[in-house]
Structures are given as C-alpha cells and as structure tokens.
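Enquirer: See target37.csv below, with CSV, C-alpha atoms and all ligand atoms.
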```csv
chain,number,residue,atom,x,y,z
A,1188,MET,CA,-132.1,-25.5,-7.3
A,1189,GLU,CA,-128.9,-27.3,-8.4
A,1190,ARG,CA,-130.9,-30.6,-8.5
A,1191,LEU,CA,-133.1,-29.1,-11.1
A,1192,ALA,CA,-130.3,-28.0,-13.4
A,1193,ARG,CA,-129.0,-30.2,-16.2
A,1194,LYS,CA,-126.1,-32.3,-14.8
A,1195,CYS,CA,-123.6,-31.0,-17.3
A,1196,ILE,CA,-124.2,-27.4,-16.1
A,1197,LEU,CA,-123.0,-28.3,-12.5
A,1198,LYS,CA,-119.5,-29.0,-13.8
A,1199,ILE,CA,-119.1,-25.5,-15.2
A,1200,LYS,CA,-116.8,-23.1,-13.4
A,1201,PRO,CA,-118.2,-19.7,-14.2
A,1202,TYR,CA,-116.1,-17.4,-16.3
A,1203,VAL,CA,-114.2,-14.8,-14.2
A,1204,PRO,CA,-113.9,-11.5,-16.1
A,1205,GLY,CA,-111.3,-8.9,-15.3
A,1206,LYS,CA,-112.4,-6.6,-12.5
A,1207,PRO,CA,-114.5,-3.7,-13.8
A,1208,ILE,CA,-112.8,-0.3,-13.6
A,1209,GLU,CA,-115.8,1.1,-11.7
A,1210,GLU,CA,-115.6,-1.6,-9.0
A,1211,VAL,CA,-111.9,-0.8,-8.4
A,1212,GLU,CA,-112.6,2.9,-8.2
A,1213,ARG,CA,-115.4,2.3,-5.7
A,1214,GLU,CA,-113.2,0.1,-3.6
A,1215,LEU,CA,-110.4,2.7,-3.6
A,1216,GLY,CA,-112.7,5.5,-2.4
A,1217,GLY,CA,-115.3,6.8,-4.7
A,1218,TYR,CA,-115.4,8.1,-8.2
A,1219,PRO,CA,-112.2,9.0,-10.0
A,1220,ASP,CA,-111.1,12.6,-9.4
A,1221,VAL,CA,-110.3,13.8,-12.9
A,1222,THR,CA,-109.0,17.2,-11.5
A,1223,SER,CA,-106.3,15.4,-9.5
A,1224,GLY,CA,-105.7,13.1,-12.4
A,1225,TRP,CA,-106.6,9.9,-10.5
A,1226,GLU,CA,-108.5,7.2,-12.2
A,1227,ALA,CA,-108.2,3.4,-12.2
A,1228,ILE,CA,-106.2,1.9,-15.1
A,1229,LYS,CA,-107.6,-1.3,-16.5
A,1230,LEU,CA,-105.1,-3.5,-18.2
A,1231,ALA,CA,-107.0,-6.8,-17.6
A,1232,SER,CA,-109.3,-7.6,-20.4
A,1233,ASN,CA,-107.3,-6.9,-23.6
A,1234,GLU,CA,-109.5,-4.0,-24.6
A,1235,ASN,CA,-108.4,-1.2,-26.8
A,1236,PRO,CA,-107.5,1.5,-24.2
A,1237,PHE,CA,-108.6,4.3,-26.5
A,1238,SER,CA,-112.2,5.5,-27.0
A,1239,PRO,CA,-113.8,4.7,-30.3
A,1240,PRO,CA,-112.9,7.3,-33.0
A,1241,SER,CA,-115.2,10.4,-33.4
A,1242,GLY,CA,-116.7,9.1,-36.7
A,1243,VAL,CA,-118.0,6.0,-34.8
A,1244,LEU,CA,-119.3,8.1,-31.9
A,1245,LYS,CA,-121.1,10.4,-34.3
A,1246,ALA,CA,-122.8,7.4,-36.0
A,1247,ILE,CA,-124.0,6.1,-32.7
A,1248,ARG,CA,-125.3,9.5,-31.6
A,1249,GLU,CA,-127.2,9.9,-34.9
A,1250,TYR,CA,-128.8,6.5,-34.5
A,1251,LEU,CA,-130.1,7.0,-30.9
A,1252,PRO,CA,-133.6,8.4,-31.8
A,1253,LYS,CA,-134.3,5.1,-33.6
A,1254,LEU,CA,-133.7,2.9,-30.5
A,1255,ASN,CA,-137.5,2.2,-30.3
A,1256,ARG,CA,-137.0,-0.2,-33.2
A,1257,TYR,CA,-135.7,-3.8,-33.2
A,1258,PRO,CA,-132.4,-4.2,-35.1
A,1259,ASP,CA,-132.1,-5.5,-38.6
A,1260,ASP,CA,-131.9,-9.2,-37.8
A,1261,HIS,CA,-129.3,-10.2,-40.3
A,1262,GLY,CA,-127.5,-6.9,-40.2
A,1263,TYR,CA,-127.8,-6.2,-43.9
A,1264,TYR,CA,-125.6,-3.1,-44.1
A,1265,LEU,CA,-122.9,-4.5,-41.8
A,1266,THR,CA,-122.7,-7.9,-43.5
A,1267,GLY,CA,-122.8,-6.1,-46.8
A,1268,ALA,CA,-119.7,-4.0,-45.8
A,1269,LEU,CA,-117.9,-7.1,-44.4
A,1270,ALA,CA,-118.7,-9.0,-47.6
A,1271,LYS,CA,-117.2,-6.3,-49.7
A,1272,LYS,CA,-114.1,-6.0,-47.4
A,1273,TYR,CA,-113.4,-9.8,-47.5
A,1274,ARG,CA,-114.7,-10.4,-51.1
A,1275,VAL,CA,-117.2,-13.0,-50.0
A,1276,LYS,CA,-121.0,-13.2,-50.1
A,1277,GLN,CA,-123.3,-12.0,-47.3
A,1278,GLU,CA,-124.4,-15.6,-46.9
A,1279,ASN,CA,-120.8,-16.4,-45.8
A,1280,ILE,CA,-121.2,-14.1,-42.8
A,1281,ILE,CA,-122.9,-14.3,-39.4
A,1282,LEU,CA,-123.0,-11.6,-36.7
A,1283,GLY,CA,-122.8,-12.4,-33.0
A,1284,CYS,CA,-123.1,-10.7,-29.7
A,1285,GLY,CA,-119.3,-10.8,-29.5
A,1286,SER,CA,-117.4,-13.6,-31.2
A,1287,ASP,CA,-118.2,-15.5,-28.0
A,1288,GLU,CA,-121.7,-15.9,-29.1
A,1289,ILE,CA,-120.7,-17.4,-32.4
A,1290,MET,CA,-118.5,-19.9,-30.6
A,1291,GLU,CA,-121.5,-20.9,-28.5
A,1292,LEU,CA,-123.6,-21.2,-31.7
A,1293,VAL,CA,-121.0,-23.5,-33.2
A,1294,SER,CA,-121.2,-25.7,-30.1
A,1295,LYS,CA,-125.0,-25.6,-29.9
A,1296,THR,CA,-125.4,-26.4,-33.6
A,1297,PHE,CA,-122.9,-29.2,-34.0
A,1298,LEU,CA,-122.1,-30.8,-30.6
A,1299,GLU,CA,-124.0,-33.9,-29.4
A,1300,PRO,CA,-123.7,-34.9,-25.7
A,1301,ASP,CA,-120.4,-36.8,-25.1
A,1302,GLU,CA,-118.8,-35.6,-28.3
A,1303,GLU,CA,-115.3,-34.1,-27.9
A,1304,VAL,CA,-114.1,-30.6,-28.4
A,1305,ILE,CA,-110.3,-30.0,-28.6
A,1306,PHE,CA,-108.5,-26.8,-27.7
A,1307,GLY,CA,-105.3,-25.6,-26.2
A,1308,ASP,CA,-105.0,-26.2,-22.5
A,1309,GLN,CA,-103.7,-22.8,-21.6
A,1310,SER,CA,-106.1,-20.8,-23.8
A,1311,PHE,CA,-109.3,-18.9,-23.8
A,1312,VAL,CA,-111.5,-20.4,-21.1
A,1313,MET,CA,-114.8,-20.0,-23.0
A,1314,TYR,CA,-114.0,-23.0,-25.2
A,1315,LYS,CA,-114.4,-25.3,-22.2
A,1316,ILE,CA,-117.5,-23.6,-20.9
A,1317,ILE,CA,-119.4,-23.7,-24.1
A,1318,THR,CA,-118.5,-27.4,-24.5
A,1319,GLN,CA,-119.8,-28.2,-21.0
A,1320,ILE,CA,-123.0,-26.3,-21.6
A,1321,MET,CA,-123.8,-28.8,-24.4
A,1322,GLY,CA,-122.8,-31.8,-22.3
A,1323,GLY,CA,-119.7,-32.3,-24.6
A,1324,LYS,CA,-116.3,-33.5,-23.4
A,1325,PRO,CA,-113.6,-30.8,-23.3
A,1326,VAL,CA,-110.1,-32.1,-24.4
A,1327,ALA,CA,-107.4,-29.7,-23.5
A,1328,VAL,CA,-104.1,-30.2,-25.2
A,1329,PRO,CA,-101.0,-28.7,-23.6
A,1330,LEU,CA,-99.3,-25.9,-25.5
A,1331,LYS,CA,-95.7,-26.4,-26.7
A,1332,ASN,CA,-93.4,-23.4,-26.2
A,1333,TYR,CA,-96.4,-21.4,-25.1
A,1334,THR,CA,-97.9,-22.0,-28.5
A,1335,TYR,CA,-100.8,-24.2,-29.9
A,1336,ASP,CA,-99.4,-27.6,-30.7
A,1337,LEU,CA,-101.2,-28.6,-33.8
A,1338,ILE,CA,-99.4,-31.9,-34.1
A,1339,ALA,CA,-100.5,-32.9,-30.6
A,1340,ILE,CA,-104.0,-31.7,-31.4
A,1341,ARG,CA,-104.2,-33.9,-34.5
A,1342,ARG,CA,-103.0,-36.9,-32.3
A,1343,ALA,CA,-105.8,-36.1,-29.8
A,1344,VAL,CA,-108.5,-36.5,-32.4
A,1345,THR,CA,-110.8,-39.5,-31.9
A,1346,LYS,CA,-114.0,-40.8,-33.5
A,1347,LYS,CA,-115.8,-38.6,-31.0
A,1348,THR,CA,-114.1,-35.4,-31.9
A,1349,LYS,CA,-116.5,-32.8,-33.3
A,1350,ILE,CA,-115.0,-29.3,-32.9
A,1351,VAL,CA,-111.5,-27.9,-32.6
A,1352,PHE,CA,-110.9,-24.3,-31.4
A,1353,ILE,CA,-107.6,-22.6,-32.3
A,1354,ALA,CA,-107.0,-19.3,-30.6
A,1355,ASN,CA,-104.7,-17.4,-33.0
A,1356,PRO,CA,-103.1,-15.4,-31.4
A,1357,ASN,CA,-103.6,-17.4,-28.3
A,1358,ASN,CA,-104.9,-15.7,-25.2
A,1359,PRO,CA,-103.0,-15.5,-22.7
A,1360,THR,CA,-99.7,-16.2,-24.4
A,1361,GLY,CA,-100.0,-13.9,-27.5
A,1362,THR,CA,-98.3,-16.6,-29.7
A,1363,ILE,CA,-99.5,-17.7,-33.1
A,1364,VAL,CA,-99.4,-20.8,-35.3
A,1365,CYS,CA,-98.3,-20.0,-38.9
A,1366,ASP,CA,-99.9,-20.4,-42.3
A,1367,LYS,CA,-97.9,-23.5,-43.3
A,1368,GLU,CA,-98.6,-25.3,-40.1
A,1369,VAL,CA,-102.3,-24.6,-40.2
A,1370,ARG,CA,-102.6,-25.8,-43.9
A,1371,GLN,CA,-100.8,-29.0,-43.1
A,1372,PHE,CA,-103.0,-29.5,-40.1
A,1373,ILE,CA,-106.2,-29.0,-42.1
A,1374,ARG,CA,-105.0,-31.4,-44.8
A,1375,ASN,CA,-104.5,-34.1,-42.1
A,1376,MET,CA,-107.8,-33.5,-40.4
A,1377,PRO,CA,-111.1,-35.5,-41.0
A,1378,LYS,CA,-113.5,-33.3,-42.9
A,1379,ASN,CA,-116.4,-34.0,-40.5
A,1380,ILE,CA,-114.7,-32.0,-37.7
A,1381,ILE,CA,-115.5,-28.3,-37.4
A,1382,ILE,CA,-112.4,-26.2,-37.1
A,1383,VAL,CA,-112.8,-22.7,-35.6
A,1384,PHE,CA,-110.0,-20.1,-36.0
A,1385,ASP,CA,-110.6,-17.6,-33.2
A,1386,GLU,CA,-108.8,-14.5,-34.5
A,1387,ALA,CA,-110.0,-11.9,-32.0
A,1388,TYR,CA,-106.5,-10.2,-32.1
A,1389,ALA,CA,-105.7,-10.7,-35.8
A,1390,GLU,CA,-105.4,-7.0,-36.6
A,1391,TYR,CA,-102.5,-6.6,-34.1
A,1392,VAL,CA,-100.4,-9.4,-35.6
A,1393,GLU,CA,-97.1,-8.3,-37.2
A,1394,SER,CA,-95.8,-11.7,-38.4
A,1395,LYS,CA,-95.8,-12.3,-42.2
A,1396,ASP,CA,-96.5,-16.0,-41.5
A,1397,TYR,CA,-99.9,-15.4,-40.0
A,1398,PRO,CA,-102.4,-17.8,-41.6
A,1399,ARG,CA,-104.6,-16.5,-44.5
A,1400,SER,CA,-107.6,-18.0,-42.8
A,1401,LEU,CA,-110.0,-16.4,-45.2
A,1402,GLU,CA,-108.5,-18.5,-48.0
A,1403,ILE,CA,-108.5,-21.6,-45.8
A,1404,VAL,CA,-112.2,-21.1,-45.0
A,1405,GLN,CA,-113.0,-20.7,-48.7
A,1406,GLU,CA,-111.2,-23.9,-49.5
A,1407,ASN,CA,-112.6,-26.0,-46.6
A,1408,ARG,CA,-116.3,-26.3,-45.9
A,1409,ASN,CA,-115.7,-27.3,-42.3
A,1410,CYS,CA,-113.7,-24.2,-41.2
A,1411,VAL,CA,-114.9,-21.0,-39.6
A,1412,MET,CA,-113.0,-17.8,-39.1
A,1413,LEU,CA,-114.1,-15.6,-36.1
A,1414,ARG,CA,-113.3,-11.9,-35.8
A,1415,THR,CA,-114.5,-9.2,-33.4
A,1416,PHE,CA,-115.1,-5.5,-33.1
A,1417,SER,CA,-114.2,-5.8,-29.4
A,1418,LYS,CA,-110.5,-5.4,-29.6
A,1419,ILE,CA,-108.8,-3.1,-32.2
A,1420,CYS,CA,-112.2,-1.4,-33.1
A,1421,SER,CA,-112.7,-0.3,-29.5
A,1422,LEU,CA,-116.3,-1.6,-29.3
A,1423,ALA,CA,-116.0,-4.2,-26.5
A,1424,GLY,CA,-118.9,-2.5,-24.7
A,1425,LEU,CA,-121.3,-3.0,-27.6
A,1426,ARG,CA,-120.7,-6.7,-28.0
A,1427,ILE,CA,-120.4,-7.5,-31.7
A,1428,GLY,CA,-118.3,-9.9,-33.6
A,1429,TYR,CA,-118.6,-12.0,-36.8
A,1430,GLY,CA,-117.9,-15.3,-38.3
A,1431,ILE,CA,-117.1,-16.2,-41.9
A,1432,ALA,CA,-117.6,-19.7,-43.3
A,1433,ASN,CA,-119.3,-21.7,-46.0
A,1434,PRO,CA,-122.9,-20.6,-46.6
A,1435,GLN,CA,-124.3,-24.0,-45.5
A,1436,LEU,CA,-122.4,-23.9,-42.3
A,1437,ILE,CA,-123.6,-20.3,-41.7
A,1438,ALA,CA,-127.2,-21.4,-42.5
A,1439,CYS,CA,-127.0,-24.1,-39.8
A,1440,LEU,CA,-125.8,-21.5,-37.2
A,1441,ASN,CA,-128.6,-19.2,-38.2
A,1442,ARG,CA,-131.2,-21.9,-37.2
A,1443,VAL,CA,-129.9,-21.7,-33.6
A,1444,ARG,CA,-129.2,-18.0,-33.4
A,1445,LEU,CA,-131.8,-16.0,-31.5
A,1446,PRO,CA,-133.5,-13.2,-33.3
A,1447,PHE,CA,-132.0,-9.7,-33.0
A,1448,ASN,CA,-128.8,-11.1,-31.3
A,1449,THR,CA,-126.8,-7.9,-32.2
A,1450,SER,CA,-128.2,-4.5,-31.3
A,1451,ASN,CA,-128.8,-1.8,-33.9
A,1452,ILE,CA,-126.4,0.5,-32.2
A,1453,ALA,CA,-123.7,-2.2,-32.3
A,1454,GLN,CA,-124.3,-2.7,-36.0
A,1455,VAL,CA,-124.2,1.0,-36.8
A,1456,ALA,CA,-121.0,1.5,-34.7
A,1457,ALA,CA,-119.3,-1.6,-36.3
A,1458,LEU,CA,-120.2,-0.4,-39.8
A,1459,ALA,CA,-118.8,3.1,-39.1
A,1460,SER,CA,-115.6,1.6,-37.6
A,1461,LEU,CA,-114.8,-0.3,-40.8
A,1462,LYS,CA,-114.2,3.1,-42.4
A,1463,GLU,CA,-111.6,4.1,-39.8
A,1464,THR,CA,-108.6,2.6,-41.4
A,1465,LYS,CA,-106.2,5.5,-40.6
A,1466,TRP,CA,-107.3,5.5,-37.0
A,1467,MET,CA,-106.7,1.7,-36.8
A,1468,GLU,CA,-103.3,2.1,-38.3
A,1469,ARG,CA,-102.5,4.6,-35.5
A,1470,ILE,CA,-103.7,2.1,-32.9
A,1471,ARG,CA,-101.6,-0.6,-34.3
A,1472,ARG,CA,-98.5,1.6,-34.3
A,1473,ILE,CA,-99.0,2.7,-30.7
A,1474,ASN,CA,-99.5,-0.9,-29.7
A,1475,ARG,CA,-96.3,-1.9,-31.4
A,1476,GLU,CA,-94.3,1.0,-29.8
A,1477,GLU,CA,-95.8,0.4,-26.4
A,1478,LYS,CA,-95.1,-3.3,-26.6
A,1479,LYS,CA,-91.4,-2.5,-27.2
A,1480,PHE,CA,-91.5,-0.1,-24.2
A,1481,LEU,CA,-92.9,-2.8,-21.9
A,1482,TYR,CA,-90.5,-5.5,-23.2
A,1483,SER,CA,-87.6,-3.2,-22.5
A,1484,GLU,CA,-88.9,-2.3,-19.0
A,1485,PHE,CA,-89.5,-6.0,-18.2
A,1486,GLY,CA,-85.9,-6.7,-19.4
A,1487,LYS,CA,-84.5,-4.0,-17.1
A,1488,MET,CA,-86.5,-5.6,-14.2
A,1489,GLY,CA,-85.1,-9.0,-15.0
A,1490,LEU,CA,-88.6,-10.3,-15.8
A,1491,GLU,CA,-89.2,-13.0,-18.4
A,1492,TYR,CA,-92.0,-12.4,-20.9
A,1493,ILE,CA,-93.5,-14.2,-23.9
A,1494,PRO,CA,-93.1,-12.2,-27.1
A,1495,SER,CA,-96.7,-11.3,-28.2
A,1496,GLU,CA,-98.5,-10.8,-31.5
A,1497,ALA,CA,-101.4,-9.3,-29.7
A,1498,ASN,CA,-102.3,-6.3,-27.5
A,1499,PHE,CA,-101.3,-8.0,-24.2
A,1500,ILE,CA,-98.2,-9.6,-22.7
A,1501,LEU,CA,-97.7,-12.6,-20.4
A,1502,VAL,CA,-95.0,-11.7,-18.0
A,1503,LYS,CA,-93.4,-14.0,-15.3
A,1504,ILE,CA,-93.5,-12.4,-11.9
A,1505,GLY,CA,-92.7,-15.5,-9.9
A,1506,ARG,CA,-94.3,-17.2,-7.0
A,1507,ASP,CA,-95.8,-14.0,-5.7
A,1508,ALA,CA,-97.6,-13.1,-8.9
A,1509,PRO,CA,-101.0,-12.9,-7.0
A,1510,GLY,CA,-99.4,-10.6,-4.4
A,1511,ALA,CA,-98.0,-8.3,-7.1
A,1512,ALA,CA,-101.3,-8.1,-8.8
A,1513,GLN,CA,-103.0,-7.3,-5.5
A,1514,GLY,CA,-100.4,-4.6,-4.9
A,1515,LEU,CA,-101.1,-3.1,-8.3
A,1516,LEU,CA,-104.8,-3.2,-7.6
A,1517,LYS,CA,-104.3,-1.2,-4.4
A,1518,LYS,CA,-102.7,1.5,-6.6
A,1519,GLY,CA,-105.7,1.4,-9.0
A,1520,ILE,CA,-104.0,-0.7,-11.7
A,1521,ILE,CA,-105.9,-3.9,-12.8
A,1522,VAL,CA,-104.0,-6.8,-14.4
A,1523,ARG,CA,-105.0,-10.5,-14.6
A,1524,VAL,CA,-103.3,-13.2,-12.5
A,1525,MET,CA,-103.1,-16.3,-14.7
A,1526,THR,CA,-103.6,-19.1,-12.2
A,1527,ASP,CA,-106.9,-20.2,-13.9
A,1528,PHE,CA,-105.1,-20.3,-17.2
A,1529,GLY,CA,-102.4,-22.6,-15.8
A,1530,PHE,CA,-99.7,-20.0,-15.4
A,1531,PRO,CA,-99.7,-19.3,-11.6
A,1532,GLU,CA,-96.5,-17.3,-11.7
A,1533,TYR,CA,-97.5,-15.0,-14.4
A,1534,VAL,CA,-99.7,-12.0,-14.9
A,1535,ARG,CA,-101.2,-10.9,-18.2
A,1536,VAL,CA,-101.1,-7.2,-18.9
A,1537,THR,CA,-103.0,-5.5,-21.6
A,1538,ILE,CA,-100.9,-2.9,-23.5
A,1539,GLY,CA,-102.5,0.4,-22.4
A,1540,ARG,CA,-102.1,4.0,-23.4
A,1541,PRO,CA,-98.5,5.3,-23.1
A,1542,VAL,CA,-99.3,7.2,-19.9
A,1543,GLU,CA,-100.9,4.1,-18.4
A,1544,ASN,CA,-98.0,1.9,-19.3
A,1545,LYS,CA,-95.6,4.2,-17.6
A,1546,LYS,CA,-97.7,4.2,-14.4
A,1547,PHE,CA,-98.0,0.4,-14.6
A,1548,VAL,CA,-94.2,0.0,-14.9
A,1549,LYS,CA,-93.6,2.4,-12.0
A,1550,ALA,CA,-96.1,0.6,-9.8
A,1551,LEU,CA,-94.9,-2.8,-10.8
A,1552,LYS,CA,-91.3,-1.9,-9.7
A,1553,GLN,CA,-92.7,-0.9,-6.3
A,1554,CYS,CA,-94.8,-4.1,-6.0
A,1555,ILE,CA,-92.0,-6.6,-6.8
A,1556,SER,CA,-89.1,-4.9,-5.0
A,1601,LIG,C1,-109.1,-15.5,-27.8
A,1601,LIG,C2,-110.4,-14.7,-27.6
A,1601,LIG,N1,-111.4,-15.0,-28.4
A,1601,LIG,C3,-112.6,-14.3,-28.2
A,1601,LIG,C4,-112.7,-13.3,-27.3
A,1601,LIG,C5,-114.1,-12.7,-27.1
A,1601,LIG,O1,-114.3,-11.7,-27.9
A,1601,LIG,P1,-115.7,-11.0,-28.0
A,1601,LIG,O2,-115.7,-9.8,-27.2
A,1601,LIG,O3,-115.8,-10.8,-29.5
A,1601,LIG,O4,-116.8,-12.0,-27.5
A,1601,LIG,C6,-111.7,-13.0,-26.4
A,1601,LIG,C7,-111.9,-12.0,-25.4
A,1601,LIG,O5,-111.1,-11.6,-24.7
A,1601,LIG,C8,-110.5,-13.7,-26.6
A,1601,LIG,O6,-109.4,-13.5,-25.8
```
Kindly return the structure encoded in the file as structure tokens.
Expert:
Amino acid sequence: MERLARKCILKIKPYVPGKPIEEVERELGGYPDVTSGWEAIKLASNENPFSPPSGVLKAIREYLPKLNRYPDDHGYYLTGALAKKYRVKQENIILGCGSDEIMELVSKTFLEPDEEVIFGDQSFVMYKIITQIMGGKPVAVPLKNYTYDLIAIRRAVTKKTKIVFIANPNNPTGTIVCDKEVRQFIRNMPKNIIIVFDEAYAEYVESKDYPRSLEIVQENRNCVMLRTFSKICSLAGLRIGYGIANPQLIACLNRVRLPFNTSNIAQVAALASLKETKWMERIRRINREEKKFLYSEFGKMGLEYIPSEANFILVKIGRDAPGAAQGLLKKGIIVRVMTDFGFPEYVRVTIGRPVENKKFVKALKQCIS
C-alpha cells in the first residue's frame, strides 16, 4: 500500500496523543471504582480538568433532538458572537474542527510542494505534520531559553518560505514571545509570508506583555490568529476552534474547507461557553493557584521547571524521565514524556484539579525517590 501513497506522506511520523483515560483504566483493571474513589488522572493533553459549566451542558442537551440536521455551515450564530466579542466582521472569522484544522487549511491553501514552513523546533508537532502532508519543507528553528527565537526565525526566511507558525504560549515550554518582539518581527518580515499566531492557551496568560494579536491581524493582511474552545472552555471533546484574519485570507481558506466541518453541537456548546465569563475567571484563578502549588512542590523536590504562562508545566526529571512517567502510569496518573519534543529528560504535566495535583505530587515523590 505504501507504494501507492504520495511520497511526502511516507515521511510523516504520526502524531502520538496523550494516552486516553479509558485505556489506562482498562490496563489497570477495569472501570474506575467511583465508590472507592479510584479513577485515572489524565494530566497529559493540556485539557481543562473540569467539566464544561452547567449552562453549556444545558445548551447541548436542549439541542440534541435536532441532531438529524446538518450543521449551519458557516456557524452564523457562533461567528456572530465571536465577531461581537472581538469587534470584527463575521467575514474575518473561520471555524474549524479544532484549531488544528485551521492550521491544516492554511497549509492546504497556501503551501506549494517544496515551499518552506518555519516553526520552533521544540514546539507543537502538528506544524511539521501538516507541512509534510502538502509536500512542503519543514524548517524547525531551535528555541532560545525555552522560548521562540523570532530573530533566528527571521534569519531562517528564504525565498521559498511561505508560512511561519508561532505557538504563543509555546507547547510544551509554556513560554511566550511579547508584543514588542512580535511587532518588530512582523515589520521585518516579507508580506508574502503567512504568519500564524497559534494562541490555544491565550486565556491562561498572565503577562501584561502578551501580544495584542487581534490588532496585529487587523493591521497585517498576512497574519492569522488562532484560538480554540478545547482548552479553557473545556470543550476538547467537541473539536471546535476559530481563526481571525483579513476577509480575503479567510475566503481563501473557505475554498478549501469541507462543508459542515464543525458539528452543530460543537457550535451550540461553543456559543454557550462564550457567556460563561465568571466560570472562566474561576478556572483561571484555580490554574494560577495550582501552578504556584506545583512550582513550590517541584522546588521542594529539587526539580527544575520552566515557568509557564499556560495550563501545563515542563519539569525536568532527569535521565529517567520515561521511567518516572511509567511509574506514574502504573498509579493511574498520565503525564507526557517529552522525548519527541526534544526534551528527553523532561515530562510535561497539565495542571489538574487541586485533588489531582496533590495525588500527582505524592506519586511523583515515590517514583523519583
Ligand atoms: C499549541 C497548540 N496549538 C493547537 C492545539 C490544538 O488545539 P485544538 O484542540 O483546537 O485543535 C494544541 C493542542 O494541544 C496546542 O498545544
């Protein structure tokens, strides 16, 4: 079969997601026993550890009888609400099956075979995969101090460069590039290169220097801002994200987008989640507090970590990081070893609910002692 596949596909190393919670529970002996309080703890995919708020669940339940219908292709109500939130037009917005899909649409729309796509070397692995799908050339630029190095990225630009992806905050380091740096970078970049700000974790950022990318997108026709409902909005399972850019750029993406790419339930839930500002504030506060708790516990264990602007932390375990992760897994706690991301001595842990973080810390102490 491989002989039949396009040559560029054969270079692709498939994406390895965090282990699903159900799989770990199966491996450790059946379904979780709620009465004994045992259930697997997933801290591996940077999801929000809390269920969606009740208002969102209610909106989903009320919509269920209409599942016989195809969704609204352009998501009129959701793009309308997003347009209002960001003070842009609906033509500036595209919805995707997760922000992943919009990245793929950018690549499918703009990338010719052998053109180059630049991104951070230790960053979100999908940038490389979607480049390879189109037969493009991935150009991975090393991070500097665990952070995107925009100066080095500018230097890596050639006549063949077509797209630049900037993960901000970066996954897996949780670091950001700031507004001033980004604006300078944009000024120095050729205008025929598409620049994508992947801001999946934007809502968690505390720094005042975080780029105002909406303004940047409005001032630069070649820039796209990507956001998602998968993280702070707790809707990872429904797969919905959005992009904001110049209407002509969005219109090009829409030529490539498959019809009905976001489900009606995802649209309804995302729309309801936009109203949950108080709930989201609570999530942000808990994330902040729990991050401090984990920093302090890592400190007590003598473990180095990278201060994070997101809902996960990259922590250095040492040479036996895979062993520690395996040990945690046997106790039903799932974290990600970062070998594939170029950090073989580290694990990335998603900040969980307070009770989960306490259990993780207790188990980690046992696994590294
Ligand atoms: C940096 C980054 N961008 C995008 C995504 C994908 O988000 P979505 O669920 O919207 O496809 C992730 C998921 O973990 C991510 O880490």
Enquirer: Nearest to A:Leu1413 among A:Ala1246, A:Met1313, A:Leu1490, A:Ile1281, with distances taken over only C-alpha atoms: which residue is it?
Expert: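 Ranking A:Ala1246, A:Met1313, A:Leu1490, A:Ile1281 by distance to A:Leu1413, first place goes to A:Ile1281.
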Enquirer: Counting all atoms listed in the file, what residues are within 10 Å of ligand LIG 1601 (chain A), given as a ChimeraX atom specification?
Expert: /A:1204-1205,1231-1234,1283-1290,1310-1314,1352-1359,1361,1384-1389,1413-1418,1422-1429,1497,1499
Enquirer: My list of candidates is A:Cys1195, A:Leu1445, A:Ile1340, A:Val1536. Which is closest to A:Thr1318 when distances are computed with only C-alpha atoms?
Expert: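 For A:Thr1318, the nearest of the candidates is A:Cys1195.
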Enquirer: Of the candidates A:Val1548, A:Val1203, A:Leu1501, A:Cys1420, which shows the shortest atom-to-atom distance to A:Pro1239, using only C-alpha atoms?
Expert: A:Cys1420
Enquirer: Within 10 Å of A:Glu1468, counting all atoms listed in the file, which residues qualify if same-chain residues fewer than 6 places away don't, as a PDB file with C-alpha atoms, in the coordinates of the input?
Expert:
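As a result, around.pdb now contains:
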```
ATOM      1  CA  GLU A1390    -105.400  -7.000 -36.600  1.00  0.00           C
ATOM      2  CA  TYR A1391    -102.500  -6.600 -34.100  1.00  0.00           C
ATOM      3  CA  ILE A1419    -108.800  -3.100 -32.200  1.00  0.00           C
ATOM      4  CA  ASN A1474     -99.500  -0.900 -29.700  1.00  0.00           C
TER       5      ASN A1474
END
```
Enquirer: In terms of the shortest atom-to-atom distance over all atoms listed in the file, which of A:Lys1295, A:Thr1526, A:Ser1460, A:Arg1274 is closest to A:Arg1442?
Expert: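 Among the listed residues, the smallest separation from A:Arg1442 belongs to A:Lys1295.
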Enquirer: For a test of reading the model, state the distance in Å between atom CA of A:Thr1266 and atom CA of A:Ala1432, rounded to one decimal.
Expert: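 So the answer is 12.9 Å.
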Enquirer: Pick out the closest residue to A:Asn1448 from this set: A:Leu1282, A:Tyr1250, A:Lys1200, A:Arg1193. Count all atoms listed in the file.
Expert: A:Leu1282
Enquirer: When you draw a straight line from atom CA of A:Asp1366 to atom CA of A:Val1411, how long is it in Å?
Expert: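 Result for atom CA of A:Asp1366 versus atom CA of A:Val1411: 15.3 Å, one decimal.
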